[in-house]
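One file, run33.cif, carrying mmCIF, C-alpha atoms:
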```cif
data_query
#
loop_
_atom_site.label_atom_id
_atom_site.label_comp_id
_atom_site.auth_asym_id
_atom_site.auth_seq_id
_atom_site.Cartn_x
_atom_site.Cartn_y
_atom_site.Cartn_z
CA MET A 242 -18.66 30.81 -3.31
CA ARG A 243 -19.67 28.84 -6.39
CA TYR A 244 -17.09 27.07 -8.45
CA ASP A 245 -16.07 29.08 -11.50
CA PRO A 246 -13.60 27.24 -13.79
CA SER A 247 -12.34 30.54 -15.18
CA LYS A 248 -11.25 31.61 -11.65
CA HIS A 249 -10.76 28.35 -9.80
CA HIS A 250 -8.27 26.28 -11.71
CA ARG A 251 -5.86 24.18 -9.72
CA ARG A 252 -3.24 22.50 -11.81
CA SER A 253 -2.29 19.02 -10.76
CA ILE A 254 1.38 18.43 -10.02
CA ARG A 255 0.87 14.70 -10.59
CA LEU A 256 2.66 13.10 -13.52
CA LYS A 257 0.08 12.91 -16.27
CA GLY A 258 -0.82 9.34 -17.19
CA TYR A 259 1.20 7.81 -14.33
CA ASP A 260 -0.48 5.05 -12.32
CA TYR A 261 0.05 5.91 -8.64
CA GLU A 262 -1.11 2.42 -7.64
CA LYS A 263 2.00 1.09 -9.35
CA CYS A 264 4.78 -0.48 -7.28
CA GLY A 265 7.51 1.99 -6.49
CA ALA A 266 8.94 4.46 -4.00
CA TYR A 267 7.40 7.89 -3.47
CA PHE A 268 8.77 10.90 -1.58
CA ILE A 269 5.90 12.85 -0.03
CA THR A 270 5.57 16.14 1.82
CA LEU A 271 2.45 17.20 3.70
CA CYS A 272 2.09 20.69 5.15
CA ALA A 273 0.09 21.81 8.15
CA TRP A 274 -2.81 24.15 7.49
CA GLN A 275 -1.47 27.68 6.96
CA ARG A 276 1.98 26.45 8.00
CA GLN A 277 0.97 26.43 11.65
CA LYS A 278 3.56 24.91 13.95
CA LEU A 279 1.21 22.20 15.17
CA PHE A 280 3.44 19.18 15.64
CA GLY A 281 6.20 20.30 18.03
CA GLU A 282 9.38 22.36 18.14
CA ILE A 283 12.97 22.04 16.99
CA GLU A 284 15.41 22.17 19.90
CA ASN A 285 19.16 21.75 19.38
CA ALA A 286 18.59 20.55 15.80
CA GLU A 287 16.21 17.80 16.98
CA MET A 288 12.45 17.61 16.66
CA ARG A 289 10.54 17.44 19.95
CA LEU A 290 7.07 16.13 19.17
CA ASN A 291 4.07 17.42 21.05
CA THR A 292 0.85 15.42 21.43
CA TYR A 293 -0.23 16.24 17.87
CA GLY A 294 3.16 15.20 16.49
CA GLU A 295 2.89 11.92 18.39
CA ILE A 296 -0.51 11.34 16.76
CA ILE A 297 1.04 11.95 13.34
CA GLN A 298 3.81 9.45 14.15
CA LEU A 299 1.28 6.86 15.34
CA HIS A 300 -0.85 7.17 12.20
CA TRP A 301 2.24 6.97 9.97
CA ASP A 302 3.49 3.87 11.78
CA ASN A 303 0.06 2.23 11.43
CA LEU A 304 -0.21 2.71 7.65
CA PRO A 305 1.15 -0.79 6.82
CA LYS A 306 -1.53 -2.36 9.04
CA HIS A 307 -4.21 -0.85 6.78
CA HIS A 308 -2.34 -1.15 3.48
CA HIS A 309 -0.58 -4.51 3.26
CA HIS A 310 1.21 -3.57 0.04
CA LEU A 311 2.92 -0.60 1.67
CA GLU A 312 6.34 -0.32 3.29
CA LEU A 313 7.56 2.72 5.18
CA ASP A 314 11.03 4.18 4.73
CA GLU A 315 12.52 7.41 6.14
CA PHE A 316 10.09 9.79 7.81
CA THR A 317 10.43 13.00 9.76
CA ILE A 318 7.93 15.27 11.42
CA MET A 319 8.75 18.95 11.43
CA PRO A 320 6.89 21.69 13.34
CA ASN A 321 4.59 22.41 10.37
CA HIS A 322 5.15 19.65 7.81
CA VAL A 323 6.18 16.04 7.36
CA HIS A 324 8.46 14.30 4.87
CA GLY A 325 8.35 10.60 4.19
CA ILE A 326 9.04 7.82 1.75
CA ILE A 327 6.30 5.32 0.99
CA ILE A 328 7.08 2.17 -0.97
CA LEU A 329 4.22 0.38 -2.70
CA THR A 330 4.98 -3.30 -3.28
CA ASP A 331 3.23 -6.14 -5.05
CA LYS A 332 2.90 -7.98 -1.72
CA THR A 333 -0.72 -8.14 -0.68
CA THR A 334 -2.96 -10.73 0.87
CA CYS A 335 -6.16 -8.92 0.07
CA GLU A 336 -7.80 -7.94 -3.18
CA GLU A 337 -8.19 -4.27 -2.31
CA ARG A 338 -5.16 -2.21 -3.25
CA HIS A 339 -5.04 1.53 -2.65
CA GLY A 340 -3.01 4.00 -4.64
CA LEU A 341 -0.84 6.73 -3.18
CA GLN A 342 -3.63 9.32 -3.30
CA GLU A 343 -6.04 7.16 -1.27
CA ILE A 344 -3.32 6.29 1.26
CA ILE A 345 -2.42 9.94 1.82
CA ARG A 346 -6.08 10.99 1.97
CA GLY A 347 -6.74 8.38 4.68
CA PHE A 348 -3.63 9.35 6.63
CA LYS A 349 -4.58 13.03 6.58
CA THR A 350 -8.25 12.39 7.40
CA PHE A 351 -7.73 10.07 10.36
CA SER A 352 -4.81 11.99 11.88
CA ALA A 353 -6.74 15.27 11.55
CA ARG A 354 -9.84 13.77 13.19
CA ARG A 355 -7.82 12.57 16.15
CA ILE A 356 -5.96 15.87 16.52
CA ASN A 357 -9.19 17.88 16.29
CA LYS A 358 -10.83 15.64 18.87
CA ILE A 359 -8.05 16.55 21.31
CA ARG A 360 -8.25 20.21 20.28
CA ARG A 361 -12.05 20.01 20.77
CA LEU A 362 -12.52 21.48 17.34
CA SER A 363 -14.65 20.32 14.46
CA GLY A 364 -14.13 21.09 10.80
CA VAL A 365 -10.89 22.97 11.39
CA GLY A 366 -8.05 22.20 9.02
CA VAL A 367 -4.96 20.39 10.21
CA TRP A 368 -3.45 19.80 6.75
CA GLN A 369 -3.15 21.96 3.66
CA ARG A 370 -5.08 20.72 0.67
CA GLY A 371 -3.15 18.33 -1.51
CA TYR A 372 0.42 17.17 -1.01
CA TYR A 373 3.72 17.11 -2.82
CA GLU A 374 5.04 13.82 -4.22
CA HIS A 375 8.07 12.79 -6.19
CA ILE A 376 8.44 9.40 -7.86
CA ILE A 377 11.77 7.93 -6.77
CA ARG A 378 13.23 6.25 -9.84
CA ASN A 379 16.59 4.85 -8.72
CA GLU A 380 18.80 3.96 -5.76
CA LYS A 381 20.95 7.11 -5.99
CA SER A 382 17.85 9.30 -5.85
CA LEU A 383 16.48 7.26 -2.94
CA MET A 384 19.71 7.74 -0.98
CA ALA A 385 19.75 11.51 -1.60
CA ILE A 386 16.12 11.88 -0.50
CA ARG A 387 16.73 9.78 2.62
CA GLU A 388 19.63 12.07 3.52
CA TYR A 389 17.46 15.16 2.93
CA ILE A 390 14.73 13.78 5.23
CA VAL A 391 17.16 12.81 8.01
CA LYS A 392 18.96 16.18 7.92
CA ASN A 393 15.76 18.24 7.74
CA PRO A 394 15.50 19.01 11.49
CA SER A 395 19.10 20.29 11.62
CA SER A 396 18.38 22.75 8.76
CA TRP A 397 15.08 24.04 10.20
CA GLY A 398 16.35 27.62 10.52
CA LYS A 399 16.96 27.72 6.76
CA ASP A 400 13.87 25.69 5.81
CA GLU A 401 11.42 27.34 3.42
CA LEU A 402 8.55 26.03 5.51
CA HIS A 403 9.93 27.76 8.62
CA CYS A 404 7.59 30.66 9.33
CA VAL A 405 10.51 33.12 9.26
CA HIS A 406 11.22 32.17 5.62
CA PRO A 407 7.88 32.57 3.80
CA ARG A 408 9.06 31.74 0.29
CA GLU A 409 6.88 29.54 -1.88
CA TRP A 410 6.62 26.32 0.11
CA ASP A 411 7.86 23.86 -2.46
CA GLY A 412 10.82 25.73 -3.94
CA GLN A 413 13.48 23.73 -2.10
CA ILE A 414 11.64 20.48 -2.74
CA LYS A 415 11.35 21.33 -6.45
CA ASN A 416 15.11 21.95 -6.51
CA LEU A 417 15.68 18.57 -4.88
CA ALA A 418 13.41 16.95 -7.46
CA LEU A 419 15.34 18.62 -10.29
CA GLN A 420 18.59 17.30 -8.81
CA MET A 421 17.08 13.82 -8.59
CA ASN A 422 16.07 13.95 -12.26
CA ARG A 423 19.62 14.91 -13.21
CA ILE A 424 20.95 11.92 -11.26
CA MET A 425 18.77 9.47 -13.19
#
```
Here is a file; write its structure as structure tokens.
Amino acid sequence: MRYDPSKHHRRSIRLKGYDYEKCGAYFITLCAWQRQKLFGEIENAEMRLNTYGEIIQLHWDNLPKHHHHLELDEFTIMPNHVHGIIILTDKTTCEERHGLQEIIRGFKTFSARRINKIRRLSGVGVWQRGYYEHIIRNEKSLMAIREYIVKNPSSWGKDELHCVHPREWDGQIKNLALQMNRIM
């Protein structure tokens, strides 16, 4: 299908004019392709990673090795999505500095390649296109988002991304973002 701007218009949820290479903390959510439960199962309010989930964890943990100006904060893998906090710092020993978009693109690309190699599939999606991000602007917001991430596995049955609850995927996250803006 050819691109037709009158039909194919994706609006960016990125903050217009904001420099995502800038130092700061970012809350991100990435969803599995078509909300497939690819990364494991929730048992007794705890996430049990499968092989694909372990690959996701490995690639997340390795991000600072590839991006020296990056620090990792809270992170959780759910059956069909991940939540994490990435902190971009001014610490770097190299001249090349990647912004949030490039970091996420690399994470998704390399984790998907490895998962598809194990699945013996080529060109099959692991991640949904794009991702959700929220700029964390203060300590109170950071603390609330950390709590949300940590408690996410225990609230899986009520989670919007749980396949039993097919509401629009980012409704709860948008509500959290609105609460964070009110805190500021």
ask   = If the PyMOL selection byres ((chain A and resi 286) around 8) is run on the structure shown, which residues does it catch, given as a VMD selection string?
value = chain A and resid 283 to 285 287 to 288 394 to 397
As a check of understanding, name the residues that the PyMOL selection byres ((chain A and resi 377-381) around 6) selects in the supplied structure, as a short mmCIF file (atom, residue, chain, number, x, y, z; two decimals) with C-alpha atoms, in the coordinates of the input.
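Here's the written file out.cif:
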```
data_model
loop_
_atom_site.label_atom_id
_atom_site.label_comp_id
_atom_site.auth_asym_id
_atom_site.auth_seq_id
_atom_site.Cartn_x
_atom_site.Cartn_y
_atom_site.Cartn_z
CA ALA A 266 8.94 4.46 -4.00
CA TYR A 267 7.40 7.89 -3.47
CA ILE A 376 8.44 9.40 -7.86
CA SER A 382 17.85 9.30 -5.85
CA LEU A 383 16.48 7.26 -2.94
CA MET A 384 19.71 7.74 -0.98
#
```
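Picture a line from CA of Val391 (chain A) to CA of Ile318 (chain A); it runs 10.1 Å.
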query = At what distance in Å, to one decimal, does CA of Val323 (chain A) lie from CA of Lys392 (chain A)?
reply = 12.8 Å
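Residues within 8 Å of Ile356 (chain A), counting only C-alpha atoms and excluding same-chain residues fewer than 2 positions away, are Tyr293, Ile296, Ser352, Ala353, Arg354, Lys358, Ile359, Arg360 and Val367 of chain A.
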Taking every listed atom of region 377-395 of chain A and adding 4 Å to each side, what centre and edge lengths in Å (one decimal) does the axis-aligned box have, as AutoDock Vina command-line options?
```
--center_x 16.4 --center_y 12.1 --center_z 0.9 --size_x 17.2 --size_y 24.3 --size_z 29.5
```
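Between His324 (chain A) and the candidates A:Gly340, A:His308, A:Asn357, A:Thr270, the tightest atom-to-atom separation, counting all atoms listed in the file, involves A:Thr270.
With only C-alpha atoms as the atoms that count, the residue of A:Lys306, A:Lys399, A:Arg276, A:Lys263 with the shortest distance to Leu329 (chain A) is A:Lys263.
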query = Separation of CA of Asn321 (chain A) and CA of Leu304 (chain A), in Å?
reply = 20.5 Å
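With all atoms listed in the file as the basis for measurement, A:Met319 is the residue among A:Met319, A:His307, A:Glu312, A:Ile328 that approaches Gly294 (chain A) most closely.
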